[in-house]
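Quick look at input_11.cif (mmCIF, C-alpha atoms):
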```cif
data_work
loop_
_atom_site.label_atom_id
_atom_site.label_comp_id
_atom_site.auth_asym_id
_atom_site.auth_seq_id
_atom_site.Cartn_x
_atom_site.Cartn_y
_atom_site.Cartn_z
CA MET A 1 145.24 114.92 -13.36
CA ALA A 2 142.06 113.91 -11.53
CA THR A 3 140.40 110.81 -12.95
CA ARG A 4 136.74 111.37 -13.85
CA GLY A 5 134.44 109.80 -11.27
CA PHE A 6 137.17 108.61 -8.88
CA SER A 7 136.91 109.78 -5.28
CA GLY A 8 139.05 107.22 -3.45
CA PRO A 9 138.30 105.68 -0.05
CA SER A 10 136.11 107.20 2.64
CA ARG A 11 137.47 109.91 4.91
CA SER A 12 137.56 107.52 7.85
CA ALA A 13 139.52 104.95 5.84
CA ARG A 14 142.01 107.62 4.84
CA ALA A 15 142.35 108.86 8.43
CA GLU A 16 143.23 105.33 9.57
CA GLN A 17 146.02 105.10 7.06
CA SER A 18 147.25 108.67 7.06
CA GLY A 19 150.96 108.96 7.44
CA ARG A 20 151.54 105.23 7.28
CA LEU A 21 150.86 104.54 3.61
CA PRO A 22 153.54 105.55 1.09
CA PRO A 23 152.41 107.06 -2.26
CA GLY A 24 150.63 104.70 -4.66
CA GLN A 25 150.26 101.88 -2.12
CA PHE A 26 147.17 100.11 -0.78
CA VAL A 27 146.80 98.22 2.50
CA THR A 28 146.29 94.46 2.52
CA THR A 29 145.69 92.03 5.34
CA ASP A 30 146.86 89.17 3.11
CA PHE A 31 150.53 88.35 2.68
CA PRO A 32 151.00 88.13 -1.10
CA VAL A 33 153.86 86.09 -2.54
CA LEU A 34 155.85 87.55 -5.42
CA SER A 35 158.93 85.71 -6.68
CA ALA A 36 160.72 85.55 -10.02
CA GLY A 37 160.96 81.77 -10.07
CA PRO A 38 160.10 78.57 -8.20
CA THR A 39 160.34 78.37 -4.39
CA PRO A 40 163.58 76.74 -3.26
CA HIS A 41 163.37 74.31 -0.36
CA ILE A 42 166.43 74.51 1.86
CA ALA A 43 166.88 72.04 4.68
CA ARG A 44 168.22 73.47 7.93
CA GLU A 45 171.11 71.02 7.91
CA ASP A 46 172.16 72.45 4.50
CA TRP A 47 171.67 76.09 5.53
CA ARG A 48 174.66 78.39 6.04
CA PHE A 49 174.99 82.15 6.25
CA THR A 50 178.25 83.66 5.04
CA LEU A 51 179.71 87.13 5.54
CA GLN A 52 182.13 88.24 2.82
CA VAL A 53 184.27 91.23 2.04
CA GLY A 54 184.58 91.16 -1.74
CA PRO A 55 185.55 87.58 -2.57
CA ARG A 56 187.02 86.98 0.91
CA GLN A 57 184.95 84.94 3.37
CA ILE A 58 185.00 86.40 6.87
CA LYS A 59 182.68 84.09 8.79
CA SER A 60 180.10 81.42 8.14
CA TRP A 61 177.33 80.23 10.48
CA SER A 62 175.41 76.98 10.47
CA TRP A 63 171.75 77.13 11.49
CA GLY A 64 172.65 75.90 14.97
CA ASP A 65 175.29 78.64 15.37
CA PHE A 66 172.99 81.28 13.95
CA ILE A 67 170.05 80.78 16.29
CA ARG A 68 172.37 81.15 19.30
CA LEU A 69 173.00 84.79 18.34
CA PRO A 70 170.98 87.53 20.08
CA ILE A 71 167.41 87.62 18.78
CA THR A 72 165.71 90.92 18.01
CA LYS A 73 161.98 91.41 17.54
CA ALA A 74 160.41 94.03 15.29
CA THR A 75 156.91 94.87 14.08
CA PRO A 76 157.37 97.10 11.03
CA ASP A 77 155.08 97.99 8.15
CA ILE A 78 156.26 96.50 4.85
CA HIS A 79 155.80 97.89 1.34
CA CYS A 80 156.00 95.89 -1.89
CA VAL A 81 156.80 97.58 -5.18
CA THR A 82 153.75 95.83 -6.65
CA LYS A 83 151.72 98.35 -4.61
CA TRP A 84 150.60 96.43 -1.52
CA SER A 85 151.56 97.43 2.00
CA LYS A 86 151.02 95.41 5.14
CA PHE A 87 151.02 97.03 8.56
CA ASP A 88 152.46 95.72 11.82
CA THR A 89 154.18 92.60 10.53
CA SER A 90 155.89 90.70 13.29
CA TRP A 91 159.41 89.34 12.77
CA GLU A 92 162.26 87.87 14.82
CA GLY A 93 165.83 87.50 13.77
CA VAL A 94 169.43 88.55 14.17
CA SER A 95 170.13 92.25 13.63
CA ILE A 96 172.93 93.00 11.17
CA GLN A 97 174.63 94.87 13.99
CA ASP A 98 174.73 91.75 16.19
CA LEU A 99 175.83 89.68 13.22
CA LEU A 100 178.83 91.93 12.58
CA ALA A 101 179.66 92.01 16.29
CA ASP A 102 179.75 88.22 16.35
CA ALA A 103 182.13 88.28 13.40
CA ALA A 104 184.16 91.07 15.08
CA LEU A 105 183.84 92.98 11.80
CA GLU A 106 183.52 96.72 11.35
CA PRO A 107 181.90 97.51 8.00
CA PRO A 108 184.86 97.82 5.60
CA THR A 109 182.84 99.52 2.82
CA ALA A 110 179.63 101.51 2.47
CA PHE A 111 177.77 98.98 0.28
CA THR A 112 176.52 95.41 0.48
CA LEU A 113 175.06 92.84 -1.86
CA ALA A 114 172.80 90.21 -0.31
CA HIS A 115 172.88 86.77 -1.94
CA SER A 116 170.18 84.10 -1.94
CA PHE A 117 170.14 80.34 -2.42
CA ASP A 118 168.30 80.59 -5.76
CA GLY A 119 170.81 82.99 -7.30
CA TYR A 120 168.88 86.15 -6.43
CA SER A 121 170.75 89.20 -5.20
CA THR A 122 169.96 92.74 -4.12
CA ASN A 123 172.06 95.70 -2.99
CA VAL A 124 171.56 97.59 0.28
CA PRO A 125 173.84 100.37 1.58
CA VAL A 126 175.45 99.60 4.95
CA LYS A 127 173.79 102.60 6.60
CA ASP A 128 170.41 101.05 5.79
CA LEU A 129 171.29 97.84 7.62
CA LEU A 130 172.74 99.20 10.87
CA GLY A 131 171.07 100.92 13.80
CA GLY A 132 168.31 98.33 13.92
CA ARG A 133 167.23 98.98 10.33
CA GLY A 134 168.06 95.51 9.06
CA MET A 135 168.02 91.94 10.31
CA ILE A 136 168.30 88.36 9.09
CA ALA A 137 164.79 87.21 9.99
CA ILE A 138 164.11 83.61 11.01
CA ALA A 139 160.51 83.86 12.26
CA TYR A 140 157.36 85.58 11.07
CA ASP A 141 154.31 85.92 13.29
CA GLY A 142 155.97 83.79 15.92
CA LYS A 143 156.55 80.82 13.59
CA PRO A 144 159.37 79.72 11.27
CA ILE A 145 159.16 81.60 7.96
CA ALA A 146 157.32 79.52 5.33
CA PRO A 147 159.43 78.66 2.24
CA GLU A 148 157.13 80.79 0.04
CA HIS A 149 157.93 83.79 2.18
CA GLY A 150 161.65 83.22 2.12
CA GLY A 151 162.27 80.71 4.89
CA PRO A 152 164.42 79.40 6.56
CA ALA A 153 165.82 82.96 6.66
CA ARG A 154 165.39 86.17 4.75
CA LEU A 155 166.90 89.62 4.91
CA LEU A 156 164.49 92.15 6.38
CA VAL A 157 164.96 95.84 5.51
CA PRO A 158 161.41 97.15 5.92
CA HIS A 159 162.05 100.83 5.27
CA LEU A 160 162.90 99.98 1.63
CA TYR A 161 160.64 98.27 -0.94
CA PHE A 162 160.33 94.63 -0.04
CA TRP A 163 162.33 93.27 -3.00
CA LYS A 164 165.32 94.43 -0.96
CA SER A 165 164.36 91.97 1.81
CA ALA A 166 165.98 89.08 -0.02
CA LYS A 167 164.25 85.75 0.47
CA TRP A 168 166.25 82.57 1.06
CA VAL A 169 169.25 84.70 2.00
CA LYS A 170 172.56 82.85 2.26
CA GLY A 171 175.01 85.68 2.72
CA LEU A 172 175.94 89.32 2.79
CA GLN A 173 178.89 90.62 0.81
CA PHE A 174 180.54 94.00 1.36
CA THR A 175 181.30 95.62 -2.00
CA GLU A 176 183.50 98.55 -2.98
CA ARG A 177 180.76 100.12 -5.08
CA ASP A 178 176.99 100.01 -5.07
CA GLU A 179 176.43 96.91 -7.23
CA ALA A 180 173.09 96.32 -8.94
CA GLY A 181 171.40 93.04 -7.95
CA PHE A 182 168.77 90.97 -9.75
CA TRP A 183 165.89 93.44 -10.01
CA GLU A 184 168.18 96.48 -10.13
CA LEU A 185 169.63 95.01 -13.35
CA ARG A 186 166.10 94.60 -14.69
CA GLY A 187 164.74 98.12 -14.43
CA TYR A 188 164.16 98.57 -10.71
CA HIS A 189 165.56 101.39 -8.61
CA MET A 190 169.03 101.07 -7.05
CA TYR A 191 167.84 102.30 -3.63
CA GLY A 192 164.06 101.77 -3.43
CA ASP A 193 162.66 104.24 -0.88
CA PRO A 194 158.85 103.82 -0.85
CA TRP A 195 158.37 107.31 0.58
CA GLN A 196 160.02 108.79 -2.51
CA GLU A 197 158.28 106.22 -4.69
CA GLN A 198 161.58 104.94 -6.05
CA ARG A 199 160.14 101.91 -7.84
CA TYR A 200 161.94 101.88 -11.18
CA SER A 201 165.29 103.12 -12.52
CA GLY A 202 165.13 106.86 -13.06
CA ASP A 203 162.32 107.42 -10.53
CA MET B 204 165.96 94.23 -23.27
CA THR B 205 168.50 92.02 -21.58
CA PRO B 206 169.56 92.18 -17.95
CA GLY B 207 172.42 94.55 -17.35
CA GLN B 208 170.98 97.28 -19.57
CA ALA B 209 169.91 99.46 -16.71
CA ARG B 210 167.52 102.13 -17.90
CA THR B 211 168.25 105.55 -16.46
CA GLU B 212 165.50 107.77 -17.83
CA LYS B 213 162.39 108.02 -15.70
CA LEU B 214 159.26 106.20 -16.79
CA LEU B 215 156.71 108.99 -17.04
CA TRP B 216 152.98 108.86 -16.37
CA GLN B 217 151.07 109.65 -19.53
CA PRO B 218 147.38 110.13 -20.24
CA ALA B 219 145.77 107.38 -22.30
CA SER B 220 142.32 107.60 -23.92
CA VAL B 221 139.97 104.67 -23.64
CA VAL B 222 139.02 103.93 -27.26
CA ALA B 223 137.07 100.70 -26.73
CA ILE B 224 135.85 98.34 -24.00
CA GLU B 225 135.13 94.71 -24.80
CA PRO B 226 133.83 92.05 -22.42
CA ARG B 227 135.90 88.85 -22.62
CA THR B 228 134.35 86.65 -19.93
CA PRO B 229 131.80 87.21 -17.15
CA THR B 230 134.59 88.67 -14.98
CA VAL B 231 137.15 90.05 -17.46
CA LYS B 232 136.94 93.05 -19.75
CA SER B 233 139.49 94.37 -22.21
CA PHE B 234 140.17 98.09 -22.16
CA PHE B 235 141.83 99.52 -25.27
CA PHE B 236 143.92 102.67 -24.82
CA ARG B 237 145.41 105.13 -27.25
CA LEU B 238 148.57 106.45 -25.60
CA ALA B 239 149.64 110.06 -25.85
CA HIS B 240 153.18 108.75 -26.38
CA PRO B 241 153.21 105.28 -27.97
CA LEU B 242 155.84 103.02 -26.49
CA SER B 243 157.65 99.83 -27.39
CA PHE B 244 157.58 96.86 -25.07
CA VAL B 245 158.38 93.17 -24.85
CA PRO B 246 155.53 90.65 -24.41
CA GLY B 247 155.14 89.77 -20.74
CA GLN B 248 155.67 93.32 -19.53
CA HIS B 249 152.96 95.28 -17.79
CA MET B 250 151.68 98.81 -17.36
CA ASP B 251 151.06 100.64 -14.10
CA VAL B 252 147.68 102.39 -13.96
CA ARG B 253 146.97 105.38 -11.71
CA LEU B 254 143.65 106.79 -10.58
CA THR B 255 143.72 110.18 -8.88
CA ALA B 256 140.95 111.65 -6.69
CA PRO B 257 140.33 115.42 -6.66
CA ASP B 258 142.13 115.75 -3.30
CA GLY B 259 145.23 114.07 -4.69
CA TYR B 260 144.67 110.55 -3.28
CA GLU B 261 146.12 107.98 -5.69
CA ALA B 262 145.40 104.32 -6.34
CA GLN B 263 147.85 102.39 -8.50
CA ARG B 264 147.75 98.85 -9.91
CA SER B 265 149.65 96.85 -12.51
CA TYR B 266 148.08 95.08 -15.50
CA SER B 267 149.87 92.87 -18.03
CA ILE B 268 149.78 94.16 -21.59
CA ALA B 269 147.54 91.90 -23.69
CA SER B 270 148.05 93.37 -27.16
CA ALA B 271 151.07 92.39 -29.25
CA PRO B 272 153.81 95.04 -29.55
CA GLU B 273 153.24 94.89 -33.31
CA ARG B 274 149.81 96.41 -32.75
CA THR B 275 150.49 100.13 -32.89
CA ASP B 276 146.99 101.62 -32.97
CA CYS B 277 146.27 100.96 -29.30
CA LEU B 278 147.31 99.08 -26.17
CA GLU B 279 145.02 96.45 -24.62
CA LEU B 280 144.80 95.66 -20.91
CA ALA B 281 142.53 92.81 -19.79
CA ILE B 282 141.20 93.67 -16.34
CA GLU B 283 139.56 91.13 -14.07
CA LEU B 284 136.86 92.35 -11.72
CA LEU B 285 137.83 91.74 -8.09
CA GLN B 286 134.75 92.15 -5.91
CA ASP B 287 136.63 93.67 -2.97
CA GLY B 288 139.02 95.62 -5.16
CA GLU B 289 139.47 99.35 -5.36
CA VAL B 290 140.56 99.81 -8.97
CA SER B 291 138.88 97.05 -11.01
CA PRO B 292 135.35 97.88 -9.75
CA PHE B 293 136.01 101.48 -10.82
CA PHE B 294 136.97 100.30 -14.30
CA TYR B 295 133.81 98.22 -14.51
CA ALA B 296 131.35 100.69 -13.06
CA THR B 297 132.66 104.06 -14.18
CA VAL B 298 135.31 104.06 -16.92
CA ALA B 299 133.80 104.80 -20.34
CA VAL B 300 135.06 105.24 -23.89
CA GLY B 301 136.58 108.69 -24.13
CA ASP B 302 137.88 108.77 -20.55
CA GLU B 303 141.55 109.46 -19.89
CA ILE B 304 143.48 107.19 -17.55
CA GLU B 305 147.11 107.66 -16.57
CA LEU B 306 149.45 104.80 -17.50
CA ARG B 307 153.17 104.27 -17.09
CA GLY B 308 155.42 101.59 -18.44
CA PRO B 309 156.45 99.21 -19.77
CA ILE B 310 157.56 97.54 -16.57
CA GLY B 311 159.15 94.17 -15.95
CA GLY B 312 162.59 92.89 -16.85
CA HIS B 313 162.37 89.14 -16.29
CA PHE B 314 158.96 87.73 -17.21
CA MET B 315 159.17 88.60 -20.90
CA TRP B 316 159.77 86.91 -24.24
CA SER B 317 160.20 87.90 -27.80
CA ALA B 318 160.60 85.58 -30.80
CA ASP B 319 164.29 86.53 -30.93
CA ASP B 320 164.74 84.66 -27.64
CA GLY B 321 163.86 81.34 -29.31
CA GLY B 322 162.20 78.27 -27.87
CA PRO B 323 160.65 75.80 -27.41
CA LEU B 324 158.42 77.40 -24.77
CA LEU B 325 156.07 76.00 -22.19
CA LEU B 326 153.46 78.52 -21.04
CA VAL B 327 151.28 77.74 -18.02
CA GLY B 328 148.48 80.15 -17.15
CA GLY B 329 145.78 80.12 -14.50
CA GLY B 330 142.75 82.37 -14.88
CA SER B 331 143.76 85.93 -15.74
CA GLY B 332 147.37 84.73 -15.61
CA VAL B 333 146.94 83.86 -19.29
CA VAL B 334 147.07 87.53 -20.30
CA PRO B 335 150.87 88.04 -20.58
CA LEU B 336 151.13 84.59 -22.19
CA ALA B 337 148.48 85.53 -24.78
CA CYS B 338 150.54 88.63 -25.52
CA MET B 339 153.56 86.42 -26.22
CA LEU B 340 151.42 84.26 -28.53
CA ARG B 341 149.95 87.24 -30.39
CA HIS B 342 153.48 88.53 -30.94
CA ARG B 343 154.58 85.08 -32.15
CA ALA B 344 151.70 85.05 -34.64
CA ALA B 345 152.48 88.60 -35.78
CA ARG B 346 156.04 87.50 -36.52
CA SER B 347 154.77 84.35 -38.33
CA SER B 348 157.03 82.41 -36.02
CA THR B 349 156.93 78.63 -35.90
CA ILE B 350 158.79 78.37 -32.59
CA PRO B 351 157.20 75.40 -30.79
CA VAL B 352 155.01 76.56 -27.90
CA ALA B 353 152.64 74.66 -25.64
CA LEU B 354 150.11 76.65 -23.60
CA VAL B 355 148.47 74.96 -20.64
CA TYR B 356 145.56 77.18 -19.60
CA SER B 357 143.52 76.44 -16.51
CA ALA B 358 140.18 78.20 -16.09
CA ARG B 359 136.99 77.45 -14.18
CA THR B 360 134.59 76.89 -17.09
CA ALA B 361 134.72 77.24 -20.87
CA ALA B 362 133.09 80.68 -20.53
CA ASP B 363 136.01 81.81 -18.36
CA LEU B 364 138.65 81.23 -21.05
CA ILE B 365 139.98 84.69 -21.92
CA PHE B 366 140.77 84.94 -25.67
CA GLY B 367 139.42 81.39 -25.97
CA ASP B 368 138.24 81.72 -29.58
CA GLU B 369 141.50 83.34 -30.66
CA LEU B 370 143.56 80.58 -29.05
CA ARG B 371 141.50 77.90 -30.79
CA VAL B 372 142.03 79.68 -34.13
CA GLN B 373 145.78 79.79 -33.49
CA ARG B 374 145.76 76.10 -32.62
CA ALA B 375 143.99 75.30 -35.88
CA ARG B 376 146.87 76.85 -37.85
CA ARG B 377 149.02 73.90 -36.81
CA ASP B 378 152.16 76.04 -36.86
CA GLY B 379 153.83 74.53 -33.79
CA PHE B 380 151.44 76.03 -31.22
CA HIS B 381 149.71 73.53 -28.93
CA PHE B 382 146.78 74.61 -26.78
CA ILE B 383 145.83 72.53 -23.73
CA PRO B 384 142.92 74.10 -21.87
CA THR B 385 141.77 72.48 -18.66
CA LEU B 386 138.59 73.37 -16.80
CA THR B 387 138.39 73.03 -13.04
CA ARG B 388 134.67 73.58 -12.40
CA GLU B 389 133.27 71.77 -15.42
CA THR B 390 132.15 68.23 -14.67
CA ASN B 391 130.79 67.26 -18.10
CA PRO B 392 133.39 66.23 -20.67
CA LEU B 393 133.77 68.79 -23.48
CA PRO B 394 135.57 67.96 -26.74
CA GLY B 395 138.95 69.69 -26.90
CA PHE B 396 139.12 70.35 -23.15
CA ARG B 397 140.67 68.53 -20.22
CA ILE B 398 138.83 68.47 -16.94
CA GLY B 399 140.49 69.11 -13.58
CA ARG B 400 143.36 71.03 -12.04
CA ILE B 401 146.84 70.97 -13.49
CA ASP B 402 148.87 67.98 -12.36
CA ALA B 403 151.95 66.00 -13.34
CA PRO B 404 150.26 63.92 -16.08
CA LEU B 405 148.82 67.05 -17.74
CA LEU B 406 152.10 68.97 -17.64
CA SER B 407 153.99 65.89 -18.79
CA ASP B 408 151.63 65.58 -21.78
CA ALA B 409 152.22 69.25 -22.60
CA LEU B 410 155.99 68.79 -22.47
CA ALA B 411 155.68 65.75 -24.75
CA LEU B 412 154.15 67.96 -27.45
CA LEU B 413 157.36 69.97 -27.71
CA PRO B 414 160.19 68.65 -29.93
CA ALA B 415 162.75 69.35 -27.21
CA PRO B 416 162.77 70.41 -23.54
CA PRO B 417 161.59 74.02 -23.17
CA LYS B 418 164.20 76.73 -23.26
CA ILE B 419 162.05 78.82 -20.94
CA VAL B 420 158.89 78.05 -18.97
CA PHE B 421 156.57 80.94 -18.08
CA VAL B 422 154.03 80.35 -15.30
CA CYS B 423 151.46 83.03 -14.43
CA GLY B 424 148.40 83.15 -12.19
CA ALA B 425 147.40 83.28 -8.54
CA ASN B 426 150.18 82.27 -6.17
CA ALA B 427 148.72 78.88 -5.21
CA PHE B 428 148.41 77.96 -8.90
CA VAL B 429 151.97 79.08 -9.65
CA GLU B 430 153.39 77.15 -6.68
CA THR B 431 151.63 73.96 -7.78
CA ALA B 432 152.71 74.35 -11.39
CA ALA B 433 156.32 75.21 -10.53
CA ASP B 434 156.71 72.40 -7.98
CA THR B 435 155.16 69.89 -10.38
CA LEU B 436 157.48 70.97 -13.19
CA LEU B 437 160.51 70.66 -10.92
CA GLY B 438 159.31 67.16 -10.10
CA LEU B 439 159.20 66.41 -13.84
CA GLY B 440 162.85 67.36 -14.15
CA ILE B 441 162.58 70.94 -15.41
CA SER B 442 165.47 72.97 -14.01
CA PRO B 443 164.58 75.86 -11.65
CA ALA B 444 166.58 78.34 -13.72
CA THR B 445 164.31 77.62 -16.70
CA ILE B 446 161.13 78.62 -14.87
CA ARG B 447 159.97 82.25 -14.66
CA THR B 448 156.97 83.03 -12.56
CA GLU B 449 154.56 85.95 -12.33
CA ARG B 450 152.23 85.78 -9.38
CA TYR B 451 148.99 87.72 -9.23
CA GLY B 452 147.18 88.60 -6.05
CA GLY B 453 147.66 86.46 -2.99
#
```
Mind turning the file's structure into structure tokens?
Amino acid sequence: MATRGFSGPSRSARAEQSGRLPPGQFVTTDFPVLSAGPTPHIAREDWRFTLQVGPRQIKSWSWGDFIRLPITKATPDIHCVTKWSKFDTSWEGVSIQDLLADAALEPPTAFTLAHSFDGYSTNVPVKDLLGGRGMIAIAYDGKPIAPEHGGPARLLVPHLYFWKSAKWVKGLQFTERDEAGFWELRGYHMYGDPWQEQRYSGD
Amino acid sequence: MTPGQARTEKLLWQPASVVAIEPRTPTVKSFFFRLAHPLSFVPGQHMDVRLTAPDGYEAQRSYSIASAPERTDCLELAIELLQDGEVSPFFYATVAVGDEIELRGPIGGHFMWSADDGGPLLLVGGGSGVVPLACMLRHRAARSSTIPVALVYSARTAADLIFGDELRVQRARRDGFHFIPTLTRETNPLPGFRIGRIDAPLLSDALALLPAPPKIVFVCGANAFVETAADTLLGLGISPATIRTERYGG
């Protein structure tokens, strides 16, 4: 249904974005902050990252241990379910692959639930974390991640809507089934592929 | 709707007719829609709006629902004009009564409240962030609820208070609703208004108007406003789990 009087952006603006902008999104050069509650402030000396299989802890890293792991750089586009997309965002962190290698752990299940310091959680299938698709990011734009944007560390899974890139991440838990996390329990899609516009449950 | 009740049916786009347009402030207009398929929603939820160009290009944005769910004749969205925006300038310059706009919703499973959830409540709104909070208050009034609520509303000038008259009328009912407007660009004292940005003394005064600590605190507005409000409330001893935030724009 065409909206009366709406023609959208100029042809040149569309050409610039063609192929890079998922349906229903617009490009921003800002970096909007969307969170469900207040920003937690986590001191590095209190920070830990824990890998679990179900309730069983496999390995835990302090900040000092964590930053000694191999660092990967990536410059992906990111897409928020609230409709903004940001191109060429620059991140550094530890790839999930390198994390598992350090723990000498082969993925025991097909599903994970990421947990954050403020009680937030989100589910990501293992296949969406491996092969360079996911990392635990510790720097944005060459600097430590600001608390508002999820620092000291956040999950980064840029090919899915950005609510999957859990801020203030404190651990990754392998689960037997695909378990709904915070937003998935509140009407958002279990998988969240921006290219299929999987914003809400049932999309 | 409580968490855990995952909805499985798809939220469909539906055409909605613009039945009225009403200016609220120099930069905010209310658009009233009659939906093809009326829906039920919880105050605090929003609608997605979609504009489609003839070649299929789409622009989508989200707007909090302003009208109470008890109002069944139409749905109100209060849209603020953003100078560099793509969608709000279109609403201002082109959308007219009789036009059809596609909407989908209701969306949002966390920043929402109905009278059944109880109180007391502290509501903190900055600029157009007051819209979902006003929806909660309109619903409260429609239910003749006396749940204690304090609304701290920060705007630039008195003319920028969205639903200002309505909020003053609600305050005058003295039914447990407390209205604390504060103006950030007004330098002359005005009776009934505070002057200046939200800070610890202001929020502390608002909390003191409630008979007990708030069960839930809802904070809505631009991100910088929300961060300040949330941090200040944490400093006043409000627990993080009590605070729900909705952040507009940057």
Residues of segment 316-435 of chain B that have any atom at most 12 Å from an atom of segment 443-453 of chain B: could you tabulate them with the shortest-distance atom pair and the distance in Å to one decimal, using all atoms listed in the file, ordered by chain and increasing number, as JSON lines?
```
{"residue": "B:Trp316", "atom": "CA", "partner": "B:Arg447", "partner_atom": "CA", "distance": 10.7}
{"residue": "B:Gly322", "atom": "CA", "partner": "B:Thr445", "partner_atom": "CA", "distance": 11.4}
{"residue": "B:Pro323", "atom": "CA", "partner": "B:Thr445", "partner_atom": "CA", "distance": 11.5}
{"residue": "B:Leu324", "atom": "CA", "partner": "B:Thr445", "partner_atom": "CA", "distance": 10.0}
{"residue": "B:Leu325", "atom": "CA", "partner": "B:Ile446", "partner_atom": "CA", "distance": 9.3}
{"residue": "B:Leu326", "atom": "CA", "partner": "B:Ile446", "partner_atom": "CA", "distance": 9.8}
{"residue": "B:Val327", "atom": "CA", "partner": "B:Thr448", "partner_atom": "CA", "distance": 9.5}
{"residue": "B:Gly328", "atom": "CA", "partner": "B:Glu449", "partner_atom": "CA", "distance": 9.7}
{"residue": "B:Gly329", "atom": "CA", "partner": "B:Tyr451", "partner_atom": "CA", "distance": 9.8}
{"residue": "B:Gly330", "atom": "CA", "partner": "B:Tyr451", "partner_atom": "CA", "distance": 10.0}
{"residue": "B:Ser331", "atom": "CA", "partner": "B:Tyr451", "partner_atom": "CA", "distance": 8.5}
{"residue": "B:Gly332", "atom": "CA", "partner": "B:Tyr451", "partner_atom": "CA", "distance": 7.2}
{"residue": "B:Val333", "atom": "CA", "partner": "B:Glu449", "partner_atom": "CA", "distance": 10.5}
{"residue": "B:Val334", "atom": "CA", "partner": "B:Glu449", "partner_atom": "CA", "distance": 11.1}
{"residue": "B:Pro335", "atom": "CA", "partner": "B:Glu449", "partner_atom": "CA", "distance": 9.3}
{"residue": "B:Leu336", "atom": "CA", "partner": "B:Glu449", "partner_atom": "CA", "distance": 10.5}
{"residue": "B:Pro416", "atom": "CA", "partner": "B:Thr445", "partner_atom": "CA", "distance": 10.1}
{"residue": "B:Pro417", "atom": "CA", "partner": "B:Thr445", "partner_atom": "CA", "distance": 7.9}
{"residue": "B:Lys418", "atom": "CA", "partner": "B:Thr445", "partner_atom": "CA", "distance": 6.6}
{"residue": "B:Ile419", "atom": "CA", "partner": "B:Thr445", "partner_atom": "CA", "distance": 5.0}
{"residue": "B:Val420", "atom": "CA", "partner": "B:Ile446", "partner_atom": "CA", "distance": 4.7}
{"residue": "B:Phe421", "atom": "CA", "partner": "B:Arg447", "partner_atom": "CA", "distance": 5.0}
{"residue": "B:Val422", "atom": "CA", "partner": "B:Thr448", "partner_atom": "CA", "distance": 4.8}
{"residue": "B:Cys423", "atom": "CA", "partner": "B:Glu449", "partner_atom": "CA", "distance": 4.7}
{"residue": "B:Gly424", "atom": "CA", "partner": "B:Arg450", "partner_atom": "CA", "distance": 5.4}
{"residue": "B:Ala425", "atom": "CA", "partner": "B:Tyr451", "partner_atom": "CA", "distance": 4.8}
{"residue": "B:Asn426", "atom": "CA", "partner": "B:Arg450", "partner_atom": "CA", "distance": 5.2}
{"residue": "B:Ala427", "atom": "CA", "partner": "B:Gly453", "partner_atom": "CA", "distance": 8.0}
{"residue": "B:Phe428", "atom": "CA", "partner": "B:Arg450", "partner_atom": "CA", "distance": 8.7}
{"residue": "B:Val429", "atom": "CA", "partner": "B:Arg450", "partner_atom": "CA", "distance": 6.7}
{"residue": "B:Glu430", "atom": "CA", "partner": "B:Thr448", "partner_atom": "CA", "distance": 9.1}
{"residue": "B:Thr431", "atom": "CA", "partner": "B:Thr448", "partner_atom": "CA", "distance": 11.6}
{"residue": "B:Ala432", "atom": "CA", "partner": "B:Thr448", "partner_atom": "CA", "distance": 9.7}
{"residue": "B:Ala433", "atom": "CA", "partner": "B:Ile446", "partner_atom": "CA", "distance": 7.3}
{"residue": "B:Asp434", "atom": "CA", "partner": "B:Pro443", "partner_atom": "CA", "distance": 9.3}
{"residue": "B:Thr435", "atom": "CA", "partner": "B:Pro443", "partner_atom": "CA", "distance": 11.2}
```
Can you write out as CSV which residues of chain A fall within 6 Å of chain B, alongside each residue's closest atom pair and its distance in Å to one decimal, counting all atoms listed in the file and ordering rows by chain and ascending residue number?
```
residue,atom,partner,partner_atom,distance
A:Ala2,CA,B:Thr255,CA,4.9
A:Thr3,CA,B:Thr255,CA,5.3
A:Phe6,CA,B:Ala256,CA,5.3
A:Ser7,CA,B:Ala256,CA,4.7
A:Gly8,CA,B:Ala256,CA,5.8
A:Gly24,CA,B:Gln263,CA,5.3
A:Pro32,CA,B:Gly453,CA,4.2
A:Leu34,CA,B:Arg450,CA,5.6
A:Ala36,CA,B:Thr448,CA,5.2
A:Gly37,CA,B:Arg447,CA,4.7
A:Pro38,CA,B:Ala433,CA,5.6
A:Leu185,CA,B:Gly207,CA,4.9
A:Arg186,CA,B:Gly312,CA,4.5
A:Gly187,CA,B:Ala209,CA,5.8
A:Ser201,CA,B:Thr211,CA,5.5
A:Gly202,CA,B:Lys213,CA,4.0
A:Asp203,CA,B:Lys213,CA,5.2
```
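One distance worth recording is that between atom CA of Pro107 of chain A and atom CA of Leu130 of chain A, which is 9.7 Å.
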Using only C-alpha atoms, determine which residues lie at most 10 Å from segment 13-22 of chain A, disregarding the query and same-chain residues fewer than 5 positions distant; provide the list as an MDAnalysis selection string. (chainID A and resid 8 27 77:79 83:87 193:197) or (chainID B and resid 260)
Reference answer for the PyMOL selection byres ((chain B and resi 223) around 7), as a PyMOL selection string: chain B and resi 221-222+224-225+234-235+300
Pick out the residues sitting within 8 Å of segment 92-106 of chain A, and hand them over as JSON, numbers by chain; count only C-alpha atoms, and ignore anything fewer than 5 positions along from it in its own chain. {"A": [58, 59, 69, 70, 71, 72, 73, 74, 129, 130, 131, 132, 134, 135, 136, 137, 138, 139, 140, 142]}
